[in-house]
Amino acid sequence: MPEGPELHLASLYVNKMCAGVVFTGPVRKSEVSKNPDVPFTCEAYRITAASRGKEVKLTLTPMKSDDPKERVKAGQADQPMDIVIRFGMSGYFRFTTEDELPKHAHLRFYSKETPCRVLSFVDARRFGSWQPNGTWQSDRGPCVMFEYESFREKVVSHLSDRAFDKPICEVLLNQKYFNGIGNYLRAEILFRLNIPPFVPARTVLEGLESEDLSENKKPVKNETTDTKTSDGAKQKWVKGETGDLLRLCHTVPLEVVNLGGKGYDPQKTDYSDFKAWLQCYYVDGMKSIGDHNGRTMWFKGDPGPMAPKDSKSTKAKKRAKKDGHDYYTDKKKVARKRSESTSKKKVVKQETVTKTPKKEKKARTKEAGTKRRKAENSREVTAPQHEKGSTARRRKSSSAEPAAGPQRRSGRVTRQNSK
DNA sequence: CGTCCACGTCTAC
DNA sequence: TAGACCTGGACGG
């Protein structure tokens, strides 16, 4: 879960759980972590957190003691220390008793209580990182959620930067300008405005003002814009009642923050609210394409002129193993379907089958297939299918669309826990 | 049991 | 621009 909203919810979690808790001793790191040791130890200290885009900063504050000299002499900290943490693909915080330490708790802070409790930075994949005595990473821009004005100003005033030569969906992942936006947010944001993901970024952004003229408007209410969807006419995506693209880079993540703990709290691994909130990412019926960096872009409708187009585009393709495309979709509780219209261009191969789902060949991705394989081929799109279910993902191919798309349901739903 | 996929950076050729 | 870095869940055979 780690995109801006989850990092912020993580900071709220730390502040809530650790309020009034006194921590003690050294900060401990797991044996396997390659991140730096945190040279901090103190008889009594407190922990608070703050977030900015995709980073969380923990502040360890020594409590006053009657005898500072003794403390310092003993190697105890007397000054606060900041630790800046990035979550990678799987990081999160948990506060548990010592005997319930989660697996992969790579950085730990011990409380002074008797049944000791521990604040842990948990990170299964270990892509996360931290820096003792750290500061917000210098090349990351202002937080899209909490430094909106400066975020907006920075983008608008740097449109000549070559970084904006790329498709808008790829630029949205550039943390120098969009600190906090990640793969699900870029899909949700572009979807709300019906902006084709592979349209040149500058084209979409130029003309936007540094001042958000939609400032005082009512809160974005979310209507499922559906009425408008299908018409082939592409409506003007520049700004709607909900505001322009930059404003949505601020409001959409805040919606996730407002979903509350559910979105984040690892304790209750209940992502049902979050999944119900998603309108595009991983949603059944939406299309997906690997972007030039191999990241899956979910969207609806026209991919836009800079779409990787099979051939060489990169990872997605490279990953491609042999022939075949693969598509996958998942379903989510809330049914949302909507196939696409306008899929002009590429026609995917189609399948005629009706009932049994058939799959196709597959493609490989970098992560998975890693290293050696590469091949050629394209990626493309996805289509709908399946129904119900709740969590699960599915892959399958589908025809590109129109005619008939109704259903073919396959036989499977997904279930995850075993019986 | 093997393959594919994952909410993200990093850095080396 | 392509790997590297990792673990684990869902699927498929």
# chains A, B, ... in the order shown; residues from 1 in each chain; ligands from 1
>>> interface_residues(of="chain B", to="chain A", cutoff="8 Å", atoms="only C-alpha atoms (C1' of nucleotides)", output="ChimeraX atom specification")
/B:3-9
>>> write_last_selection(atoms="all heavy atoms", output="tab-separated table (two decimals), in the first residue's frame")
chain	number	residue	atom	x	y	z
B	3	DT	P	9.32	-21.95	-13.89
B	3	DT	OP1	9.87	-22.13	-15.24
B	3	DT	OP2	10.14	-21.41	-12.79
B	3	DT	O5'	8.03	-21.02	-14.02
B	3	DT	C5'	6.96	-21.48	-14.84
B	3	DT	C4'	5.88	-20.41	-14.88
B	3	DT	O4'	5.20	-20.37	-13.60
B	3	DT	C3'	6.42	-19.01	-15.13
B	3	DT	O3'	5.54	-18.38	-16.05
B	3	DT	C2'	6.37	-18.33	-13.78
B	3	DT	C1'	5.18	-19.03	-13.13
B	3	DT	N1	5.17	-19.12	-11.65
B	3	DT	C2	4.03	-18.76	-10.99
B	3	DT	O2	3.04	-18.35	-11.56
B	3	DT	N3	4.08	-18.90	-9.64
B	3	DT	C4	5.14	-19.36	-8.89
B	3	DT	O4	5.04	-19.44	-7.67
B	3	DT	C5	6.32	-19.71	-9.63
B	3	DT	C7	7.53	-20.20	-8.91
B	3	DT	C6	6.28	-19.58	-10.97
B	4	DC	P	5.98	-16.98	-16.71
B	4	DC	OP1	5.47	-16.99	-18.09
B	4	DC	OP2	7.40	-16.69	-16.40
B	4	DC	O5'	5.06	-15.98	-15.86
B	4	DC	C5'	3.65	-16.22	-15.85
B	4	DC	C4'	2.96	-15.19	-14.98
B	4	DC	O4'	3.08	-15.55	-13.58
B	4	DC	C3'	3.53	-13.77	-15.10
B	4	DC	O3'	2.44	-12.86	-15.14
B	4	DC	C2'	4.33	-13.60	-13.82
B	4	DC	C1'	3.51	-14.44	-12.84
B	4	DC	N1	4.26	-14.94	-11.67
B	4	DC	C2	3.62	-14.98	-10.43
B	4	DC	O2	2.45	-14.59	-10.35
B	4	DC	N3	4.29	-15.45	-9.35
B	4	DC	C4	5.55	-15.87	-9.49
B	4	DC	N4	6.16	-16.33	-8.40
B	4	DC	C5	6.22	-15.85	-10.74
B	4	DC	C6	5.54	-15.38	-11.81
B	5	DC	P	2.69	-11.36	-15.62
B	5	DC	OP1	1.71	-11.14	-16.68
B	5	DC	OP2	4.13	-11.14	-15.84
B	5	DC	O5'	2.32	-10.49	-14.35
B	5	DC	C5'	1.04	-10.61	-13.72
B	5	DC	C4'	1.17	-10.15	-12.30
B	5	DC	O4'	1.93	-11.13	-11.57
B	5	DC	C3'	1.95	-8.85	-12.14
B	5	DC	O3'	1.07	-7.74	-12.04
B	5	DC	C2'	2.69	-9.04	-10.83
B	5	DC	C1'	2.49	-10.47	-10.45
B	5	DC	N1	3.74	-11.17	-10.14
B	5	DC	C2	3.98	-11.52	-8.81
B	5	DC	O2	3.11	-11.24	-7.97
B	5	DC	N3	5.12	-12.15	-8.49
B	5	DC	C4	6.02	-12.44	-9.43
B	5	DC	N4	7.14	-13.06	-9.06
B	5	DC	C5	5.80	-12.10	-10.80
B	5	DC	C6	4.65	-11.47	-11.11
B	6	DA	P	1.69	-6.27	-12.09
B	6	DA	OP1	0.66	-5.39	-12.65
B	6	DA	OP2	3.03	-6.33	-12.68
B	6	DA	O5'	1.88	-5.94	-10.54
B	6	DA	C5'	0.76	-5.92	-9.66
B	6	DA	C4'	1.25	-5.75	-8.23
B	6	DA	O4'	1.81	-7.01	-7.79
B	6	DA	C3'	2.39	-4.75	-8.10
B	6	DA	O3'	1.87	-3.46	-7.85
B	6	DA	C2'	3.15	-5.26	-6.89
B	6	DA	C1'	2.84	-6.75	-6.85
B	6	DA	N9	3.99	-7.54	-7.26
B	6	DA	C8	4.57	-7.60	-8.51
B	6	DA	N7	5.63	-8.38	-8.57
B	6	DA	C5	5.75	-8.87	-7.28
B	6	DA	C6	6.68	-9.74	-6.68
B	6	DA	N6	7.71	-10.30	-7.33
B	6	DA	N1	6.53	-10.01	-5.38
B	6	DA	C2	5.50	-9.45	-4.71
B	6	DA	N3	4.56	-8.61	-5.16
B	6	DA	C4	4.74	-8.36	-6.48
B	7	DC	P	2.25	-2.31	-8.94
B	7	DC	OP1	1.06	-2.31	-9.77
B	7	DC	OP2	3.57	-2.30	-9.54
B	7	DC	O5'	2.21	-1.06	-7.97
B	7	DC	C5'	1.34	-1.03	-6.89
B	7	DC	C4'	1.48	0.29	-6.18
B	7	DC	O4'	0.46	0.31	-5.20
B	7	DC	C3'	2.79	0.45	-5.39
B	7	DC	O3'	3.00	1.84	-5.16
B	7	DC	C2'	2.48	-0.25	-4.09
B	7	DC	C1'	1.02	0.14	-3.92
B	7	DC	N1	0.21	-0.89	-3.23
B	7	DC	C2	-0.64	-0.50	-2.20
B	7	DC	O2	-0.70	0.67	-1.88
B	7	DC	N3	-1.40	-1.45	-1.58
B	7	DC	C4	-1.32	-2.72	-1.95
B	7	DC	N4	-2.09	-3.60	-1.33
B	7	DC	C5	-0.44	-3.14	-3.01
B	7	DC	C6	0.30	-2.20	-3.62
B	8	DG	P	4.08	2.65	-5.92
B	8	DG	OP1	4.15	4.03	-5.37
B	8	DG	OP2	3.79	2.43	-7.36
B	8	DG	O5'	5.44	1.90	-5.57
B	8	DG	C5'	5.98	1.99	-4.27
B	8	DG	C4'	7.44	2.35	-4.33
B	8	DG	O4'	8.21	1.21	-4.81
B	8	DG	C3'	7.76	3.51	-5.29
B	8	DG	O3'	8.62	4.42	-4.60
B	8	DG	C2'	8.48	2.84	-6.45
B	8	DG	C1'	9.13	1.64	-5.79
B	8	DG	N9	9.38	0.53	-6.69
B	8	DG	C8	8.60	0.17	-7.78
B	8	DG	N7	9.07	-0.87	-8.41
B	8	DG	C5	10.22	-1.21	-7.70
B	8	DG	C6	11.13	-2.26	-7.91
B	8	DG	O6	11.11	-3.12	-8.80
B	8	DG	N1	12.15	-2.25	-6.97
B	8	DG	C2	12.27	-1.36	-5.95
B	8	DG	N2	13.31	-1.51	-5.15
B	8	DG	N3	11.41	-0.38	-5.74
B	8	DG	C4	10.41	-0.36	-6.65
B	9	DT	P	8.91	5.89	-5.22
B	9	DT	OP1	9.55	6.66	-4.17
B	9	DT	OP2	7.66	6.30	-5.83
B	9	DT	O5'	9.95	5.63	-6.40
B	9	DT	C5'	11.29	6.01	-6.22
B	9	DT	C4'	11.99	4.99	-5.29
B	9	DT	O4'	11.79	3.66	-5.78
B	9	DT	C3'	13.48	5.20	-5.23
B	9	DT	O3'	13.95	4.72	-3.98
B	9	DT	C2'	13.97	4.32	-6.36
B	9	DT	C1'	13.05	3.13	-6.18
B	9	DT	N1	12.83	2.29	-7.36
B	9	DT	C2	13.65	1.22	-7.55
B	9	DT	O2	14.58	0.96	-6.79
B	9	DT	N3	13.36	0.45	-8.64
B	9	DT	C4	12.33	0.62	-9.53
B	9	DT	O4	12.17	-0.17	-10.46
B	9	DT	C5	11.50	1.78	-9.30
B	9	DT	C7	10.36	2.08	-10.20
B	9	DT	C6	11.78	2.56	-8.23
>>> closest_atom_pairs(of="chain C", to="chain A", cutoff="7 Å", atoms="only C-alpha atoms (C1' of nucleotides)", output="Markdown table")
| residue | atom | partner | partner_atom | distance |
| --- | --- | --- | --- | --- |
| C:DG3 | C1' | A:Lys371 | CA | 6.8 |
| C:DC5 | C1' | A:Phe127 | CA | 6.7 |
| C:DC6 | C1' | A:Arg125 | CA | 4.3 |
| C:DT7 | C1' | A:Arg125 | CA | 5.0 |
>>> write_last_selection(atoms="all heavy atoms", output="tab-separated table (two decimals), in the first residue's frame")
chain	number	residue	atom	x	y	z
C	3	DG	P	17.48	-6.58	-19.50
C	3	DG	OP1	18.69	-7.43	-19.50
C	3	DG	OP2	16.34	-6.91	-20.38
C	3	DG	O5'	16.92	-6.40	-18.03
C	3	DG	C5'	17.27	-7.30	-17.04
C	3	DG	C4'	18.44	-6.78	-16.21
C	3	DG	O4'	18.32	-5.34	-16.01
C	3	DG	C3'	18.42	-7.42	-14.82
C	3	DG	O3'	19.73	-7.71	-14.44
C	3	DG	C2'	17.76	-6.35	-13.94
C	3	DG	C1'	18.19	-5.05	-14.62
C	3	DG	N9	17.18	-4.03	-14.44
C	3	DG	C8	16.02	-3.87	-15.16
C	3	DG	N7	15.31	-2.84	-14.77
C	3	DG	C5	16.05	-2.28	-13.74
C	3	DG	C6	15.79	-1.15	-12.93
C	3	DG	O6	14.83	-0.38	-12.96
C	3	DG	N1	16.79	-0.92	-12.00
C	3	DG	C2	17.91	-1.71	-11.88
C	3	DG	N2	18.77	-1.37	-10.93
C	3	DG	N3	18.18	-2.78	-12.62
C	3	DG	C4	17.20	-3.00	-13.53
C	5	DC	P	20.95	-8.41	-7.35
C	5	DC	OP1	22.29	-8.46	-6.73
C	5	DC	OP2	20.34	-9.61	-7.92
C	5	DC	O5'	19.93	-7.79	-6.30
C	5	DC	C5'	20.20	-6.52	-5.75
C	5	DC	C4'	19.02	-6.11	-4.92
C	5	DC	O4'	18.00	-5.51	-5.76
C	5	DC	C3'	18.34	-7.30	-4.21
C	5	DC	O3'	18.39	-7.09	-2.82
C	5	DC	C2'	16.90	-7.26	-4.69
C	5	DC	C1'	16.74	-5.85	-5.20
C	5	DC	N1	15.73	-5.69	-6.26
C	5	DC	C2	14.96	-4.53	-6.28
C	5	DC	O2	15.18	-3.64	-5.44
C	5	DC	N3	13.98	-4.40	-7.21
C	5	DC	C4	13.77	-5.38	-8.10
C	5	DC	N4	12.82	-5.20	-8.98
C	5	DC	C5	14.56	-6.56	-8.10
C	5	DC	C6	15.52	-6.67	-7.18
C	6	DC	P	18.71	-8.33	-1.89
C	6	DC	OP1	19.52	-7.89	-0.78
C	6	DC	OP2	19.14	-9.47	-2.72
C	6	DC	O5'	17.26	-8.59	-1.34
C	6	DC	C5'	16.60	-9.76	-1.71
C	6	DC	C4'	15.18	-9.64	-1.26
C	6	DC	O4'	14.46	-8.84	-2.20
C	6	DC	C3'	14.49	-10.99	-1.25
C	6	DC	O3'	14.45	-11.44	0.09
C	6	DC	C2'	13.10	-10.73	-1.77
C	6	DC	C1'	13.15	-9.36	-2.36
C	6	DC	N1	12.84	-9.33	-3.81
C	6	DC	C2	11.56	-8.98	-4.21
C	6	DC	O2	10.73	-8.71	-3.34
C	6	DC	N3	11.25	-8.97	-5.52
C	6	DC	C4	12.19	-9.27	-6.42
C	6	DC	N4	11.85	-9.24	-7.71
C	6	DC	C5	13.51	-9.63	-6.03
C	6	DC	C6	13.80	-9.64	-4.73
C	7	DT	P	14.07	-12.90	0.37
C	7	DT	OP1	14.81	-13.29	1.59
C	7	DT	OP2	14.20	-13.67	-0.87
C	7	DT	O5'	12.52	-12.86	0.72
C	7	DT	C5'	12.01	-11.80	1.51
C	7	DT	C4'	10.50	-11.81	1.39
C	7	DT	O4'	10.10	-11.27	0.11
C	7	DT	C3'	9.88	-13.20	1.51
C	7	DT	O3'	8.84	-13.12	2.45
C	7	DT	C2'	9.37	-13.49	0.11
C	7	DT	C1'	9.12	-12.11	-0.47
C	7	DT	N1	9.27	-12.01	-1.94
C	7	DT	C2	8.30	-11.35	-2.66
C	7	DT	O2	7.31	-10.87	-2.14
C	7	DT	N3	8.52	-11.29	-4.01
C	7	DT	C4	9.60	-11.80	-4.70
C	7	DT	O4	9.67	-11.67	-5.92
C	7	DT	C5	10.59	-12.48	-3.89
C	7	DT	C7	11.79	-13.06	-4.54
C	7	DT	C6	10.38	-12.55	-2.57
>>> select_by_dssp(residues="stretch 55-218 of chain A", states="strand (DSSP E)", output="ChimeraX atom specification")
/A:55-62,81-86,91-97,105-110,117-123,129-132
>>> write_last_selection(atoms="C-alpha atoms", output="CSV table (one decimal), in the first residue's frame")
chain,number,residue,atom,x,y,z
A,55,GLU,CA,8.3,9.4,2.9
A,56,VAL,CA,7.7,9.2,6.6
A,57,LYS,CA,10.0,10.9,9.1
A,58,LEU,CA,10.1,9.5,12.7
A,59,THR,CA,11.4,11.8,15.4
A,60,LEU,CA,12.9,10.2,18.5
A,61,THR,CA,12.9,12.7,21.3
A,62,PRO,CA,14.8,12.0,24.5
A,81,MET,CA,17.0,12.1,16.0
A,82,ASP,CA,15.0,12.1,12.7
A,83,ILE,CA,14.9,8.9,10.7
A,84,VAL,CA,13.5,9.3,7.2
A,85,ILE,CA,11.9,6.1,5.8
A,86,ARG,CA,10.7,5.1,2.3
A,91,GLY,CA,6.5,-1.3,4.0
A,92,TYR,CA,4.2,-0.5,7.0
A,93,PHE,CA,4.3,0.1,10.7
A,94,ARG,CA,2.9,-2.1,13.4
A,95,PHE,CA,2.9,-1.7,17.2
A,96,THR,CA,2.7,-5.0,18.9
A,97,THR,CA,3.8,-6.8,22.0
A,105,ALA,CA,10.1,-6.4,11.3
A,106,HIS,CA,13.4,-4.8,10.1
A,107,LEU,CA,13.6,-1.8,12.3
A,108,ARG,CA,12.3,-1.9,15.9
A,109,PHE,CA,11.7,0.5,18.8
A,110,TYR,CA,11.1,-1.0,22.2
A,117,ARG,CA,5.6,-3.4,23.1
A,118,VAL,CA,7.5,-2.7,19.9
A,119,LEU,CA,7.0,-0.3,17.1
A,120,SER,CA,8.2,-2.1,14.0
A,121,PHE,CA,8.9,-1.0,10.5
A,122,VAL,CA,7.8,-4.2,8.6
A,123,ASP,CA,8.9,-4.7,5.1
A,129,SER,CA,15.0,2.2,3.1
A,130,TRP,CA,15.7,4.5,6.0
A,131,GLN,CA,18.3,7.1,6.9
A,132,PRO,CA,19.3,7.9,10.4
>>> atom_distance(atom1="atom CA of A:Gln79", atom2="atom CA of A:Cys42")
9.8 Å
>>> select_by_dssp(residues="stretch 30-152 of chain A", states="alpha helix (DSSP H)", output="NGL selection string")
:A and (68-73 or 148-152)
>>> write_last_selection(atoms="all heavy atoms", output="tab-separated table (two decimals), in the first residue's frame")
chain	number	residue	atom	x	y	z
A	68	PRO	N	21.31	15.11	33.07
A	68	PRO	CA	21.79	15.03	31.68
A	68	PRO	C	23.23	14.59	31.56
A	68	PRO	O	23.59	13.89	30.65
A	68	PRO	CB	21.61	16.45	31.17
A	68	PRO	CG	21.10	17.26	32.29
A	68	PRO	CD	20.83	16.39	33.45
A	69	LYS	N	24.01	14.98	32.46
A	69	LYS	CA	25.42	14.60	32.36
A	69	LYS	C	25.60	13.10	32.45
A	69	LYS	O	26.39	12.50	31.73
A	69	LYS	CB	26.21	15.25	33.49
A	69	LYS	CG	26.26	16.76	33.34
A	69	LYS	CD	27.13	17.37	34.41
A	69	LYS	CE	27.35	18.87	34.18
A	69	LYS	NZ	26.09	19.61	34.16
A	70	GLU	N	24.91	12.53	33.33
A	70	GLU	CA	25.02	11.09	33.50
A	70	GLU	C	24.60	10.41	32.21
A	70	GLU	O	25.22	9.47	31.74
A	70	GLU	CB	24.07	10.60	34.59
A	70	GLU	CG	24.53	10.97	35.96
A	70	GLU	CD	25.69	10.09	36.38
A	70	GLU	OE1	25.60	8.86	36.16
A	70	GLU	OE2	26.68	10.63	36.89
A	71	ARG	N	23.50	10.93	31.70
A	71	ARG	CA	22.94	10.33	30.52
A	71	ARG	C	23.93	10.39	29.35
A	71	ARG	O	24.19	9.40	28.70
A	71	ARG	CB	21.66	11.06	30.14
A	71	ARG	CG	20.95	10.46	28.98
A	71	ARG	CD	19.71	11.25	28.68
A	71	ARG	NE	20.05	12.62	28.37
A	71	ARG	CZ	19.21	13.63	28.49
A	71	ARG	NH1	18.01	13.45	28.94
A	71	ARG	NH2	19.60	14.84	28.18
A	72	VAL	N	24.45	11.54	29.14
A	72	VAL	CA	25.38	11.69	28.04
A	72	VAL	C	26.61	10.83	28.26
A	72	VAL	O	27.13	10.20	27.35
A	72	VAL	CB	25.82	13.16	27.90
A	72	VAL	CG1	26.92	13.27	26.86
A	72	VAL	CG2	24.62	13.99	27.52
A	73	LYS	N	27.00	10.77	29.45
A	73	LYS	CA	28.18	10.00	29.77
A	73	LYS	C	27.95	8.53	29.43
A	73	LYS	O	28.83	7.82	28.97
A	73	LYS	CB	28.49	10.15	31.26
A	73	LYS	CG	29.86	9.66	31.64
A	73	LYS	CD	30.09	9.84	33.12
A	73	LYS	CE	29.85	11.27	33.58
A	73	LYS	NZ	30.12	11.44	35.02
A	148	TYR	N	0.16	21.35	-1.28
A	148	TYR	CA	-0.49	21.51	-2.58
A	148	TYR	C	-0.09	22.76	-3.35
A	148	TYR	O	0.22	22.69	-4.54
A	148	TYR	CB	-2.01	21.48	-2.39
A	148	TYR	CG	-2.77	21.70	-3.68
A	148	TYR	CD1	-2.50	20.92	-4.81
A	148	TYR	CD2	-3.75	22.69	-3.77
A	148	TYR	CE1	-3.20	21.13	-5.99
A	148	TYR	CE2	-4.45	22.90	-4.94
A	148	TYR	CZ	-4.17	22.11	-6.05
A	148	TYR	OH	-4.85	22.32	-7.21
A	149	GLU	N	-0.10	23.88	-2.70
A	149	GLU	CA	0.24	25.09	-3.43
A	149	GLU	C	1.63	25.05	-4.02
A	149	GLU	O	1.83	25.40	-5.17
A	149	GLU	CB	0.10	26.31	-2.51
A	149	GLU	CG	-1.36	26.58	-2.11
A	149	GLU	CD	-2.26	26.77	-3.34
A	149	GLU	OE1	-1.83	27.44	-4.30
A	149	GLU	OE2	-3.39	26.25	-3.34
A	150	SER	N	2.60	24.62	-3.24
A	150	SER	CA	3.95	24.61	-3.79
A	150	SER	C	4.13	23.49	-4.81
A	150	SER	O	4.89	23.61	-5.76
A	150	SER	CB	5.00	24.53	-2.68
A	150	SER	OG	4.68	23.55	-1.76
A	151	PHE	N	3.42	22.40	-4.62
A	151	PHE	CA	3.49	21.29	-5.58
A	151	PHE	C	3.02	21.83	-6.94
A	151	PHE	O	3.66	21.66	-7.97
A	151	PHE	CB	2.57	20.15	-5.10
A	151	PHE	CG	1.88	19.40	-6.21
A	151	PHE	CD1	2.61	18.57	-7.08
A	151	PHE	CD2	0.50	19.53	-6.41
A	151	PHE	CE1	1.97	17.90	-8.13
A	151	PHE	CE2	-0.13	18.86	-7.45
A	151	PHE	CZ	0.60	18.05	-8.31
A	152	ARG	N	1.91	22.49	-6.90
A	152	ARG	CA	1.29	23.01	-8.11
A	152	ARG	C	2.18	24.04	-8.79
A	152	ARG	O	2.43	24.00	-9.98
A	152	ARG	CB	-0.04	23.67	-7.70
A	152	ARG	CG	-0.93	23.95	-8.85
A	152	ARG	CD	-2.31	24.39	-8.44
A	152	ARG	NE	-2.86	24.89	-9.65
A	152	ARG	CZ	-3.74	24.25	-10.43
A	152	ARG	NH1	-4.26	23.12	-10.03
A	152	ARG	NH2	-4.10	24.73	-11.57
>>> residues_around(residues="A:Ile189", least_positions_apart="3", cutoff="9 Å", atoms="only C-alpha atoms (C1' of nucleotides)", output="ChimeraX atom specification")
/A:184-186,192-195,245,248-249,252-253
